[in-house]
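Colleague: One structure, pasted below without further comment.
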Amino acid sequence: MGNIISENSLKSLSKSPKSKLNLGNKRRIKRIQRRSSISTAMTSTTTRSSESTYRYIDGRRFNENAKYALPNDDAEVDRLQLQHYLQRYVWQGNFCAPVHRSLTKPGARVLDVGCGPGTWILEMAFDYPDAHFTGIDISPMYPKEIKPSNVNFEEADLTDGLPFADDTFDFVVMRNMVNALSVDDWVFSLKELERVCKPGGFVECLEFQIPAVHLGKVSKRVTEAYVQIMRTKNIDITIAPRLEEMFATCTTLTNIEHQVRIAPVGKWGDKAGRIMAEDLLLITKAMGPVLTPLWGIGARQYEEFTNESAKEFENGKTYCNLHVIYAQKYEPYRYI
């Protein structure tokens with residue numbers, strides 16, 4: 001495991017030129033939208049499955065047929081887009097695997113598993129116009145019709161197996177799935193990513209480590225409750241540090257790299273910290289419809305909990321570890 005940023009390195013974060021974070025990235029987004037004919041409004045427009053698959057709690061919509069405990073609605077789309085820009089900033093790019101050269105070749109194919117609203121794919125499709133990008137998700141939050149010509153989205157459940165032939169993609173990516181996969185699902189899913197990746201291609205996963213570090217009394221209580229709720233669904237959301245071991249069980253994945261970087265939470269971490277705090281508070285608010293009846297409290301008291309969590313992020317200098325694990329699929333002729 002390499003490239004671990006220590007806690008002390010956060011002290012210099014706001015002094016670094018790279019800390020001038022522009023998560024809106026307006027010029028870049030406008031170029032992407034112009035190329036794909038997607039207006040700002042259309043970027044936020046999503047397609048939905050039949051409303052019969054959803055249930056509503058306190059105005060938030062949840063997918064009835066998925067393990068995912070967070071809502072499935074426009075507010076969640078906004079949060080996922082915010083999370084994407086934060087992760088891109090922390091890693092100073094959209095991927096870590098050494099795939100830049102291969103993606104510039106005409107006909108290169110990329111798969112994003114659990115693509116959500118498709119923000120990562122839309123950016124990558126602009127950066128690599130000669131490559132073709134496919135995104136799949138169990139919930140069709142992505143643009144259905146108005147999208148770049150080198151992008152395709154499909155509704156599919158990873159746990160049923162990927163609907164693609166062996167050795168199809170040059171680069172296979174899966175991000176932010178700790179909320180959706182059980183331990184058994186992870187083992188199966190990684191083998192599916194391995195299966196559809198071409199020999200010589202790369203598989204990459206990116207996940208937040210839960211819980212965050214230096215949580216306060218209230219934020220720790222919310223996180224612990226969230227962990228317990230997910231365990232009732234057989235989902236271990238603390239799994240990120242163990243993914244390297246799971247990669248090692250994939251017999252054709254070699255040259256495994258595991259990198260960890262820190263994402264500060266709160267104003268103390270400059271712009272990145274403010275965005276990270278907003279992300280965690282949005283998750284906390286999204287858990288309200290589930291936690292308020294569990295704790296026997298009202299919405300107003302839960303709102304006070306959320307506000308107290310924000311103060312704790314600042315006082316404790318909370319931060320999150322963000323893990324990236326990538327590996328290359330064994331290419332037999334290299335070893336002859």
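Convention: chains lettered A, B, ... in structure tokens order; per-chain residue numbering from 1; ligands numbered from 1 as shown.
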Just list as a ChimeraX atom specification whatever in segment 81-315 of chain A DSSP marks as helix (DSSP H, G or I).
Modeller: /A:81-91,100-103,119-127,158-160,183-196,217-232,240-248,267-286,288-295,299-315
Colleague: Find the spatial neighbours of Ser139 of chain A, counting only C-alpha atoms, within a cut-off of 7 Å - ignore same-chain residues fewer than 2 positions away - and output them as an MDAnalysis selection string.
Modeller: chainID A and resid 137 141 155
Colleague: Which of these, A:Lys271, A:Tyr226, A:Glu207, A:Ile325, has the shortest distance to Glu245 of chain A once you count only C-alpha atoms?
Modeller: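 Under the stated criterion, the closest residue is A:Ile325.
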Colleague: List the neighbours of Arg175 of chain A out to 8 Å using only C-alpha atoms; skip same-chain residues closer than 4 positions along the sequence, and give me the result as a list in words.
Modeller: Val113, Gly114, Cys115, Cys205, Leu206 and Glu207 of chain A
